[in-house]
$ cat protein_28.txt   # compact mmCIF, C-alpha atoms
# COMPACT_ATOMS: atom_id res chain seq x y z
CA MET A 1415 36.79 5.53 18.07
CA CYS A 1416 35.15 8.89 18.73
CA PHE A 1417 33.55 8.74 15.27
CA LEU A 1418 32.10 5.29 15.97
CA ALA A 1419 30.77 6.45 19.32
CA ALA A 1420 29.15 9.48 17.70
CA ALA A 1421 27.60 7.34 14.96
CA ALA A 1422 26.22 4.96 17.58
CA LEU A 1423 24.74 7.90 19.50
CA VAL A 1424 23.06 9.25 16.36
CA ALA A 1425 21.62 5.82 15.55
CA ALA A 1426 20.37 5.37 19.12
CA SER A 1427 18.77 8.81 19.08
CA ALA A 1428 17.00 8.06 15.80
CA LEU A 1429 15.64 4.81 17.21
CA THR A 1430 14.45 6.62 20.33
CA ALA A 1431 12.69 9.24 18.21
CA ALA A 1432 11.00 6.48 16.21
CA ALA A 1433 9.99 4.73 19.44
CA ASP A 1434 8.47 7.98 20.77
CA VAL A 1435 6.51 8.41 17.55
CA ARG A 1436 5.32 4.83 17.89
CA SER A 1437 3.95 5.55 21.36
CA VAL A 1438 1.99 8.53 20.00
CA LEU A 1439 0.56 6.34 17.22
CA VAL A 1440 -0.49 3.75 19.80
CA ARG A 1441 -2.19 6.47 21.84
CA ILE A 1442 -4.40 7.54 18.93
CA GLY A 1443 -5.37 3.95 18.17
CA VAL A 1444 -2.95 2.54 15.59
CA ARG A 1445 -2.35 -1.17 16.13
CA GLY A 1446 -0.90 -4.34 14.58
CA ALA A 1447 0.57 -4.41 11.09
CA ALA A 1448 -0.39 -0.79 10.48
CA LEU A 1449 1.61 0.27 13.52
CA ARG A 1450 4.67 -1.63 12.31
CA ARG A 1451 4.47 -0.07 8.85
CA LEU A 1452 4.08 3.43 10.23
CA ALA A 1453 6.90 3.00 12.75
CA GLU A 1454 9.21 1.85 9.94
CA ARG A 1455 8.22 4.84 7.86
CA ALA A 1456 8.82 7.18 10.81
CA ALA A 1457 12.33 5.76 11.23
CA LYS A 1458 13.08 6.51 7.57
CA ALA A 1459 11.37 9.90 7.43
CA PRO A 1460 13.33 12.83 5.98
CA GLY A 1461 14.92 14.81 8.77
CA GLY A 1462 15.81 11.77 10.85
CA MET A 1463 16.08 13.01 14.43
CA SER A 1464 13.78 15.95 13.73
CA ALA A 1465 10.98 13.43 13.22
CA SER A 1466 9.83 13.85 16.80
CA ALA A 1467 6.87 12.82 18.87
CA ALA A 1468 6.38 16.48 19.81
CA ALA A 1469 5.92 17.47 16.16
CA LEU A 1470 3.45 14.63 15.64
CA GLU A 1471 1.53 15.61 18.78
CA GLN A 1472 1.25 19.18 17.48
CA SER A 1473 0.06 17.98 14.08
CA ILE A 1474 -2.55 15.73 15.69
CA SER A 1475 -3.79 18.63 17.82
CA GLU A 1476 -4.09 20.98 14.85
CA LEU A 1477 -5.93 18.38 12.76
CA ASP A 1478 -8.25 17.67 15.69
CA ALA A 1479 -9.07 21.38 15.93
CA ALA A 1480 -9.89 21.32 12.19
CA GLY A 1481 -12.38 18.51 12.73
CA LEU A 1482 -10.25 15.43 12.09
CA ALA A 1483 -10.37 13.49 15.37
CA PRO A 1484 -7.29 11.47 16.42
CA ASP A 1485 -9.03 8.09 16.10
CA ARG A 1486 -10.13 9.00 12.58
CA LEU A 1487 -6.62 10.17 11.75
CA ALA A 1488 -5.29 6.81 12.98
CA LYS A 1489 -7.48 5.01 10.44
CA LEU A 1490 -6.36 7.33 7.64
CA LEU A 1491 -2.68 6.78 8.45
CA ALA A 1492 -3.21 3.02 8.55
CA ARG A 1493 -4.78 3.28 5.10
CA GLN A 1494 -2.10 5.60 3.70
CA PRO A 1495 1.26 5.44 5.55
CA ARG A 1496 2.81 8.01 3.20
CA ALA A 1497 0.69 10.67 4.91
CA LEU A 1498 2.70 10.29 8.14
CA PRO A 1499 6.14 11.82 7.33
CA PRO A 1500 4.80 15.36 6.72
CA LEU A 1501 3.19 15.29 10.17
CA LEU A 1502 6.61 14.56 11.67
CA SER A 1503 8.46 17.37 9.93
CA HIS A 1504 6.14 20.37 9.76
CA SER A 1505 2.87 21.72 11.07
CA PRO A 1506 -0.23 21.34 8.87
CA ALA A 1507 -1.56 24.68 10.17
CA ALA A 1508 -0.74 26.64 6.98
CA LEU A 1509 -2.34 24.00 4.77
CA LEU A 1510 -5.45 23.85 6.95
CA ALA A 1511 -5.78 27.63 6.88
CA ALA A 1512 -5.38 27.74 3.09
CA LEU A 1513 -8.03 25.02 2.65
CA ARG A 1514 -10.36 26.89 4.99
CA ASP A 1515 -9.86 30.18 3.17
CA THR A 1516 -10.35 28.80 -0.35
CA LYS A 1517 -13.89 29.60 -1.42
CA GLY A 1518 -15.83 26.60 -2.70
CA LEU A 1519 -13.93 23.88 -0.84
CA PRO A 1520 -15.55 21.56 1.71
CA PRO A 1521 -14.10 21.48 5.26
CA ALA A 1522 -10.44 20.47 5.40
CA ALA A 1523 -11.22 17.39 7.49
CA GLN A 1524 -13.60 16.14 4.81
CA LEU A 1525 -11.05 16.61 2.04
CA ILE A 1526 -8.24 14.93 4.00
CA ALA A 1527 -10.50 12.02 4.91
CA ALA A 1528 -11.19 11.49 1.22
CA GLU A 1529 -7.50 11.80 0.24
CA PRO A 1530 -5.00 11.52 3.14
CA LEU A 1531 -2.07 12.41 0.89
CA LEU A 1532 -3.30 15.99 0.87
CA LEU A 1533 -1.26 16.18 4.08
CA THR A 1534 1.87 16.12 1.89
CA LEU A 1535 0.94 19.60 0.61
CA ASP A 1536 1.52 22.98 2.18
CA ASP A 1537 -0.25 26.26 1.49
CA VAL A 1538 2.10 27.15 -1.40
CA LYS A 1539 1.67 23.78 -3.10
CA LEU A 1540 -2.09 23.96 -2.59
CA ARG A 1541 -2.34 27.31 -4.36
CA ALA A 1542 -0.06 26.10 -7.15
CA ALA A 1543 -2.25 23.02 -7.63
CA LEU A 1544 -5.43 25.11 -7.79
CA ASP A 1545 -3.80 27.50 -10.28
CA TYR A 1546 -2.67 24.58 -12.41
CA LEU A 1547 -6.12 22.97 -12.50
CA GLU A 1548 -8.02 26.17 -13.26
CA PRO A 1549 -7.45 26.22 -17.06
CA PHE A 1550 -8.58 22.61 -17.38
CA VAL A 1551 -11.92 23.09 -15.64
CA CYS A 1552 -12.85 26.65 -16.61
CA ALA A 1553 -14.02 25.44 -20.02
CA ALA A 1554 -16.85 23.66 -18.20
CA ASN A 1555 -17.72 26.89 -16.36
CA ARG A 1556 -16.48 25.50 -13.08
CA SER A 1557 -13.78 26.70 -10.72
CA ALA A 1558 -10.86 24.56 -9.64
CA ALA A 1559 -12.23 24.64 -6.07
CA GLU A 1560 -15.59 23.25 -7.22
CA PHE A 1561 -13.82 20.52 -9.13
CA VAL A 1562 -11.59 19.64 -6.17
CA ALA A 1563 -14.65 19.43 -3.92
CA ARG A 1564 -15.72 16.43 -6.01
CA GLN A 1565 -12.23 15.10 -6.75
CA PRO A 1566 -9.86 15.95 -3.85
CA GLN A 1567 -7.11 13.79 -5.34
CA ALA A 1568 -6.88 16.32 -8.20
CA LEU A 1569 -4.73 18.47 -5.92
CA LEU A 1570 -2.03 15.81 -6.05
CA TRP A 1571 -1.69 15.83 -9.81
CA ARG A 1572 1.59 17.27 -11.01
CA ALA A 1573 2.69 18.61 -14.36
CA GLU A 1574 6.02 16.89 -13.73
CA ALA A 1575 6.37 13.11 -13.66
CA SER A 1576 5.87 12.65 -9.93
CA SER A 1577 2.29 12.06 -8.89
CA PRO A 1578 0.93 9.52 -6.38
CA VAL A 1579 -0.36 7.39 -9.26
CA LEU A 1580 3.02 7.29 -11.00
CA GLU A 1581 4.79 6.53 -7.73
CA THR A 1582 2.37 3.65 -7.19
CA LEU A 1583 3.13 2.23 -10.64
CA ARG A 1584 6.85 2.29 -9.87
CA GLU A 1585 6.34 0.72 -6.45
CA MET A 1586 4.38 -2.13 -8.05
CA GLY A 1587 7.24 -2.85 -10.44
CA LEU A 1588 5.68 -1.63 -13.69
CA ASP A 1589 8.22 -0.67 -16.34
CA GLN A 1590 9.08 2.86 -17.42
CA ARG A 1591 7.06 2.58 -20.65
CA ALA A 1592 3.86 2.06 -18.64
CA VAL A 1593 4.77 4.95 -16.33
CA ASP A 1594 5.51 7.23 -19.29
CA ARG A 1595 2.23 6.35 -21.00
CA VAL A 1596 0.23 7.17 -17.88
CA SER A 1597 2.21 10.38 -17.31
CA ARG A 1598 1.16 11.64 -20.76
CA TRP A 1599 -2.52 11.52 -19.88
CA SER A 1600 -4.54 14.70 -19.76
CA PRO A 1601 -5.22 15.85 -16.16
CA ALA A 1602 -8.83 14.69 -16.43
CA ARG A 1603 -7.54 11.13 -16.66
CA GLN A 1604 -4.74 11.38 -14.11
CA LEU A 1605 -6.97 12.13 -11.18
CA ALA A 1606 -7.10 8.60 -9.81
CA SER A 1607 -5.46 8.37 -6.41
CA GLY A 1608 -2.42 6.22 -5.73
CA ASP A 1609 -4.52 3.96 -3.50
CA GLY A 1610 -7.17 3.63 -6.19
CA ALA A 1611 -4.61 2.70 -8.83
CA ARG A 1612 -3.08 0.11 -6.50
CA ARG A 1613 -6.46 -1.52 -5.84
CA SER A 1614 -7.33 -1.64 -9.54
CA LEU A 1615 -3.95 -2.99 -10.65
CA SER A 1616 -3.85 -5.53 -7.82
CA TRP A 1617 -7.26 -6.77 -8.92
CA LEU A 1618 -6.09 -7.07 -12.53
CA GLY A 1619 -2.90 -8.89 -11.60
CA ARG A 1620 -4.76 -11.31 -9.33
CA THR A 1621 -7.76 -11.95 -11.60
CA LEU A 1622 -5.95 -12.09 -14.94
CA GLY A 1623 -2.88 -13.83 -13.55
CA LEU A 1624 -0.47 -11.08 -14.61
CA GLU A 1625 3.01 -10.50 -13.20
CA ALA A 1626 4.46 -6.97 -13.14
CA ALA A 1627 5.90 -7.17 -16.67
CA ALA A 1628 2.62 -8.29 -18.26
CA LEU A 1629 0.64 -5.83 -16.15
CA GLY A 1630 2.95 -3.06 -17.37
CA ARG A 1631 2.25 -4.01 -20.98
CA LEU A 1632 -1.48 -3.91 -20.34
CA VAL A 1633 -1.27 -0.47 -18.72
CA ALA A 1634 0.96 0.84 -21.52
CA SER A 1635 -1.57 -0.28 -24.11
CA PHE A 1636 -4.53 1.23 -22.24
CA PRO A 1637 -3.52 3.79 -19.56
CA PRO A 1638 -7.10 4.68 -18.47
CA VAL A 1639 -7.30 1.29 -16.78
CA VAL A 1640 -5.50 2.69 -13.71
CA GLY A 1641 -8.47 4.97 -13.05
CA LEU A 1642 -11.16 2.28 -13.25
CA GLU A 1643 -12.64 1.04 -9.98
CA PRO A 1644 -12.31 -2.69 -9.20
CA ALA A 1645 -16.12 -2.99 -9.22
CA ARG A 1646 -16.20 -1.73 -12.82
CA LEU A 1647 -13.39 -4.12 -13.79
CA ALA A 1648 -15.12 -7.02 -12.08
CA ALA A 1649 -18.40 -6.33 -13.88
CA SER A 1650 -16.76 -6.44 -17.32
CA HIS A 1651 -14.81 -9.58 -16.42
CA ALA A 1652 -17.88 -11.33 -14.98
CA PHE A 1653 -19.97 -10.60 -18.07
CA LEU A 1654 -17.34 -11.84 -20.51
CA ALA A 1655 -16.68 -14.95 -18.39
CA SER A 1656 -20.39 -15.77 -18.31
CA GLU A 1657 -20.65 -15.38 -22.07
CA ALA A 1658 -17.41 -16.98 -23.26
CA GLY A 1659 -15.87 -18.80 -20.29
CA GLU A 1660 -13.12 -17.76 -17.90
CA ALA A 1661 -10.14 -18.59 -20.12
CA ALA A 1662 -11.56 -16.75 -23.14
CA ALA A 1663 -12.53 -13.75 -20.99
CA VAL A 1664 -9.02 -13.46 -19.56
CA ALA A 1665 -7.44 -13.77 -23.00
CA ALA A 1666 -9.77 -11.12 -24.42
CA LEU A 1667 -9.13 -8.66 -21.60
CA VAL A 1668 -5.37 -9.09 -21.79
CA ARG A 1669 -5.40 -8.52 -25.55
CA TYR A 1670 -8.09 -5.82 -25.56
CA PRO A 1671 -8.03 -4.10 -22.14
CA GLN A 1672 -10.24 -1.37 -23.58
CA LEU A 1673 -13.14 -3.76 -22.92
CA LEU A 1674 -12.69 -3.08 -19.22
CA SER A 1675 -13.90 0.50 -19.68
CA VAL A 1676 -17.03 -0.39 -21.62
CA SER A 1677 -20.33 -0.23 -19.74
CA VAL A 1678 -21.78 -3.72 -19.40
CA GLU A 1679 -25.38 -2.52 -19.30
CA ALA A 1680 -25.09 0.07 -22.06
CA ASN A 1681 -22.68 -1.59 -24.47
CA LEU A 1682 -22.03 -5.26 -23.79
CA ARG A 1683 -25.22 -6.84 -22.50
CA PRO A 1684 -27.63 -7.76 -25.34
CA THR A 1685 -30.88 -5.80 -25.50
CA ALA A 1686 -34.29 -7.35 -26.04
$ encode --input "protein_28.txt" --output "C-alpha cells"
Amino acid sequence: MCFLAAAALVAASALTAAADVRSVLVRIGVRGAALRRLAERAAKAPGGMSASAAALEQSISELDAAGLAPDRLAKLLARQPRALPPLLSHSPAALLAALRDTKGLPPAAQLIAAEPLLLTLDDVKLRAALDYLEPFVCAANRSAAEFVARQPQALLWRAEASSPVLETLREMGLDQRAVDRVSRWSPARQLASGDGARRSLSWLGRTLGLEAAALGRLVASFPPVVGLEPARLAASHAFLASEAGEAAAVAALVRYPQLLSVSVEANLRPTA
C-alpha cells in the first residue's frame, strides 16, 4: 500500500512539473498543437521530476541575454520539439560561452536560430565536433568554424551512427539498410539537418506515392537524396512530368533517383 501511494505521489509530481513547464511555454508564446507536443515531450524528458519550470526559466533567461528573445525561442521550439529537453535539464550557459569564444563563429543566437538542435550540445561536445570537422575542411584552406558559420548543422554530425538525420530516418520508419547507407556517407554529405531530411523525404513519399518500405529502398539506392531541398526535388519532377507525363516521371524517379540531383537548367533542359 505504501509503495502504491509513493508511486502515485511520484506520478503526480511528474505531472505537476510538466504542467509548470507548460505554463512557462505559454508565457513565451507557444500555443495550440505545438504546445501539446512540447508538453508531452517535457513529461517524457530524461530526469523526470528534475525537468522543472525553474530550469526552463533559467535557460530562457540565458538565451535571451545571448540575443535569442523568448518569442523567437518559442517559434524555434515549435519547429523543433527535440530542442526542449536540454533546456529542462541543464543550463545552456557553457555552450553559449563556448560559441561566443570560438573565433570565426557568428553570434550564438544566429547559429541556434538556424539549427535549434545545437541546444542539445554542451561546451565539451561543441569542441569535439569542431575538432572532428577540422580535418575534413582544412584541405579547402578553411577552418571548422568558418565552415560551421555557413553550415551550423555540421556540429550535429557524429562519427557514430546517431545523428539527427539518422534519427529522423528511423522515426519515419525507413529500414536499417537505408539508415546504414546514409550513415556511411562522407561528412560533406551528412550535413543535412533532421528537419531538412524530413521535409525532403515527406515530399518524396507524398509526390511519388511511396510508403516507408519503398522510400527506404529509394534512399538506400541513392543516399544523397536526403540532403536535397524539396524545391530542387520539385524542379526535377516538374520537368520530367512536363516532358514525359506524370506516370512516366514517377516511374523514372523511383527507378533512377539520381535524376533528382541533376540540375534541370544545366543538364536536363534542352539547349537551343
$ closest_residue --input "protein_28.txt" --among "A:Pro1500, A:Pro1521, A:Pro1578, A:Pro1566" --to "A:Leu1535" --atoms "only C-alpha atoms"
A:Pro1500
$ atom_distance --input "protein_28.txt" --atom1 "atom CA of A:Arg1591" --atom2 "atom CA of A:Ala1627"
10.6 Å
$ atom_distance --input "protein_28.txt" --atom1 "atom CA of A:Ala1611" --atom2 "atom CA of A:Val1640"
5.0 Å
$ closest_residue --input "protein_28.txt" --among "A:Arg1556, A:Arg1451, A:Arg1598, A:Arg1496" --to "A:Leu1533" --atoms "all atoms listed in the file"
A:Arg1496
$ residues_around --input "protein_28.txt" --residues "A:Pro1499" --least-positions-apart "5" --cutoff "12 Å" --atoms "only C-alpha atoms" --output "number ranges by chain"
A: 1432, 1435, 1452-1462, 1464-1467, 1469-1470, 1473, 1491, 1494, 1504-1506, 1530-1531, 1533-1535
$ atom_distance --input "protein_28.txt" --atom1 "atom CA of A:Ala1665" --atom2 "atom CA of A:Arg1646"
18.0 Å
$ residues_around --input "protein_28.txt" --residues "A:Gly1619" --least-positions-apart "6" --cutoff "12 Å" --atoms "only C-alpha atoms" --output "list in words"
Met1586, Gly1587, Leu1588, Arg1612, Arg1613, Glu1625, Ala1626, Ala1627, Ala1628, Leu1629, Gly1630, Arg1631, Leu1632, Val1633, Pro1644, Leu1647, Val1664, Leu1667 and Val1668 of chain A
$ axis_aligned_box --input "protein_28.txt" --around "stretch 1649-1659 of chain A" --padding-each-side "6 Å" --output "AutoDock Vina command-line options"
--center_x -17.7 --center_y -12.6 --center_z -18.6 --size_x 17.8 --size_y 24.5 --size_z 21.4
$ residues_around --input "protein_28.txt" --residues "A:Ile1442" --least-positions-apart "5" --cutoff "7 Å" --atoms "all atoms listed in the file" --output "list in words"
Pro1484, Asp1485 and Ala1488 of chain A
$ closest_residue --input "protein_28.txt" --among "A:Asp1609, A:Glu1657, A:Asp1515, A:Asp1594" --to "A:Ala1559" --atoms "only C-alpha atoms"
A:Asp1515
$ closest_residue --input "protein_28.txt" --among "A:Ser1614, A:Ser1656, A:Ser1475, A:Ser1650" --to "A:Ser1677" --atoms "all atoms listed in the file"
A:Ser1650
$ closest_residue --input "protein_28.txt" --among "A:Leu1569, A:Leu1642, A:Leu1519, A:Ala1634" --to "A:Leu1615" --atoms "only C-alpha atoms"
A:Leu1642
$ closest_residue --input "protein_28.txt" --among "A:Pro1671, A:Leu1544, A:Glu1643, A:Ser1597" --to "A:Leu1622" --atoms "only C-alpha atoms"
A:Pro1671
$ decode --input "protein_28.txt" --residues "stretch 1454-1490 of chain A" --atoms "N, CA and C atoms" --output "mmCIF file, in the first residue's frame"
data_model
loop_
_atom_site.group_PDB
_atom_site.id
_atom_site.type_symbol
_atom_site.label_atom_id
_atom_site.label_comp_id
_atom_site.auth_asym_id
_atom_site.auth_seq_id
_atom_site.Cartn_x
_atom_site.Cartn_y
_atom_site.Cartn_z
ATOM 1 N N GLU A 1454 4.055 17.168 -24.003
ATOM 2 C CA GLU A 1454 4.252 15.721 -23.983
ATOM 3 C C GLU A 1454 5.734 15.381 -23.903
ATOM 4 N N ARG A 1455 6.537 16.128 -24.643
ATOM 5 C CA ARG A 1455 7.976 15.863 -24.616
ATOM 6 C C ARG A 1455 8.562 16.214 -23.244
ATOM 7 N N ALA A 1456 8.061 17.267 -22.627
ATOM 8 C CA ALA A 1456 8.535 17.647 -21.296
ATOM 9 C C ALA A 1456 8.226 16.555 -20.284
ATOM 10 N N ALA A 1457 7.035 15.944 -20.416
ATOM 11 C CA ALA A 1457 6.644 14.889 -19.477
ATOM 12 C C ALA A 1457 7.537 13.659 -19.606
ATOM 13 N N LYS A 1458 8.104 13.456 -20.808
ATOM 14 C CA LYS A 1458 8.934 12.277 -21.049
ATOM 15 C C LYS A 1458 10.430 12.590 -20.966
ATOM 16 N N ALA A 1459 10.771 13.815 -20.658
ATOM 17 C CA ALA A 1459 12.174 14.226 -20.690
ATOM 18 C C ALA A 1459 13.010 13.437 -19.693
ATOM 19 N N PRO A 1460 14.257 13.117 -20.053
ATOM 20 C CA PRO A 1460 15.156 12.446 -19.107
ATOM 21 C C PRO A 1460 15.285 13.271 -17.824
ATOM 22 N N GLY A 1461 15.253 12.589 -16.705
ATOM 23 C CA GLY A 1461 15.353 13.299 -15.444
ATOM 24 C C GLY A 1461 14.031 13.433 -14.731
ATOM 25 N N GLY A 1462 12.925 13.220 -15.503
ATOM 26 C CA GLY A 1462 11.600 13.221 -14.892
ATOM 27 C C GLY A 1462 11.335 14.460 -14.076
ATOM 28 N N MET A 1463 11.313 14.316 -12.736
ATOM 29 C CA MET A 1463 10.950 15.409 -11.857
ATOM 30 C C MET A 1463 11.950 16.559 -11.883
ATOM 31 N N SER A 1464 13.168 16.295 -12.366
ATOM 32 C CA SER A 1464 14.145 17.378 -12.435
ATOM 33 C C SER A 1464 13.863 18.308 -13.608
ATOM 34 N N ALA A 1465 12.952 17.868 -14.496
ATOM 35 C CA ALA A 1465 12.558 18.718 -15.623
ATOM 36 C C ALA A 1465 11.626 19.797 -15.082
ATOM 37 N N SER A 1466 12.182 20.858 -14.552
ATOM 38 C CA SER A 1466 11.386 21.840 -13.825
ATOM 39 C C SER A 1466 11.207 23.127 -14.594
ATOM 40 N N ALA A 1467 10.148 23.842 -14.197
ATOM 41 C CA ALA A 1467 9.898 25.151 -14.780
ATOM 42 C C ALA A 1467 11.027 26.113 -14.444
ATOM 43 N N ALA A 1468 11.599 25.971 -13.248
ATOM 44 C CA ALA A 1468 12.697 26.861 -12.848
ATOM 45 C C ALA A 1468 13.897 26.715 -13.784
ATOM 46 N N ALA A 1469 14.231 25.465 -14.144
ATOM 47 C CA ALA A 1469 15.351 25.237 -15.060
ATOM 48 C C ALA A 1469 15.058 25.837 -16.429
ATOM 49 N N LEU A 1470 13.817 25.683 -16.891
ATOM 50 C CA LEU A 1470 13.441 26.245 -18.184
ATOM 51 C C LEU A 1470 13.494 27.768 -18.141
ATOM 52 N N GLU A 1471 13.014 28.356 -17.056
ATOM 53 C CA GLU A 1471 13.067 29.815 -16.908
ATOM 54 C C GLU A 1471 14.512 30.306 -16.982
ATOM 55 N N GLN A 1472 15.422 29.601 -16.315
ATOM 56 C CA GLN A 1472 16.824 29.997 -16.338
ATOM 57 C C GLN A 1472 17.395 29.893 -17.750
ATOM 58 N N SER A 1473 17.061 28.808 -18.436
ATOM 59 C CA SER A 1473 17.552 28.633 -19.808
ATOM 60 C C SER A 1473 17.038 29.739 -20.708
ATOM 61 N N ILE A 1474 15.762 30.081 -20.565
ATOM 62 C CA ILE A 1474 15.172 31.143 -21.378
ATOM 63 C C ILE A 1474 15.877 32.464 -21.120
ATOM 64 N N SER A 1475 16.163 32.742 -19.844
ATOM 65 C CA SER A 1475 16.842 33.986 -19.480
ATOM 66 C C SER A 1475 18.242 34.051 -20.082
ATOM 67 N N GLU A 1476 18.970 32.953 -20.022
ATOM 68 C CA GLU A 1476 20.339 32.934 -20.543
ATOM 69 C C GLU A 1476 20.351 33.072 -22.064
ATOM 70 N N LEU A 1477 19.390 32.438 -22.729
ATOM 71 C CA LEU A 1477 19.306 32.564 -24.186
ATOM 72 C C LEU A 1477 18.896 33.980 -24.576
ATOM 73 N N ASP A 1478 18.022 34.582 -23.795
ATOM 74 C CA ASP A 1478 17.608 35.962 -24.047
ATOM 75 C C ASP A 1478 18.810 36.894 -23.941
ATOM 76 N N ALA A 1479 19.637 36.685 -22.928
ATOM 77 C CA ALA A 1479 20.833 37.511 -22.750
ATOM 78 C C ALA A 1479 21.818 37.345 -23.912
ATOM 79 N N ALA A 1480 21.764 36.162 -24.563
ATOM 80 C CA ALA A 1480 22.655 35.902 -25.702
ATOM 81 C C ALA A 1480 22.067 36.405 -27.017
ATOM 82 N N GLY A 1481 20.872 36.986 -26.955
ATOM 83 C CA GLY A 1481 20.278 37.562 -28.154
ATOM 84 C C GLY A 1481 19.128 36.792 -28.753
ATOM 85 N N LEU A 1482 18.739 35.693 -28.108
ATOM 86 C CA LEU A 1482 17.618 34.891 -28.608
ATOM 87 C C LEU A 1482 16.399 35.188 -27.740
ATOM 88 N N ALA A 1483 15.544 36.093 -28.202
ATOM 89 C CA ALA A 1483 14.392 36.548 -27.426
ATOM 90 C C ALA A 1483 13.412 35.404 -27.176
ATOM 91 N N PRO A 1484 12.663 35.453 -26.066
ATOM 92 C CA PRO A 1484 11.729 34.368 -25.739
ATOM 93 C C PRO A 1484 10.714 34.064 -26.829
ATOM 94 N N ASP A 1485 10.152 35.093 -27.492
ATOM 95 C CA ASP A 1485 9.167 34.817 -28.525
ATOM 96 C C ASP A 1485 9.800 34.113 -29.728
ATOM 97 N N ARG A 1486 11.050 34.443 -29.996
ATOM 98 C CA ARG A 1486 11.771 33.757 -31.079
ATOM 99 C C ARG A 1486 12.090 32.321 -30.687
ATOM 100 N N LEU A 1487 12.464 32.135 -29.414
ATOM 101 C CA LEU A 1487 12.719 30.784 -28.921
ATOM 102 C C LEU A 1487 11.461 29.928 -29.015
ATOM 103 N N ALA A 1488 10.309 30.519 -28.716
ATOM 104 C CA ALA A 1488 9.035 29.787 -28.801
ATOM 105 C C ALA A 1488 8.823 29.241 -30.210
ATOM 106 N N LYS A 1489 9.124 30.037 -31.211
ATOM 107 C CA LYS A 1489 8.961 29.590 -32.602
ATOM 108 C C LYS A 1489 9.944 28.468 -32.943
ATOM 109 N N LEU A 1490 11.159 28.573 -32.417
ATOM 110 C CA LEU A 1490 12.157 27.535 -32.681
ATOM 111 C C LEU A 1490 11.757 26.211 -32.036
#
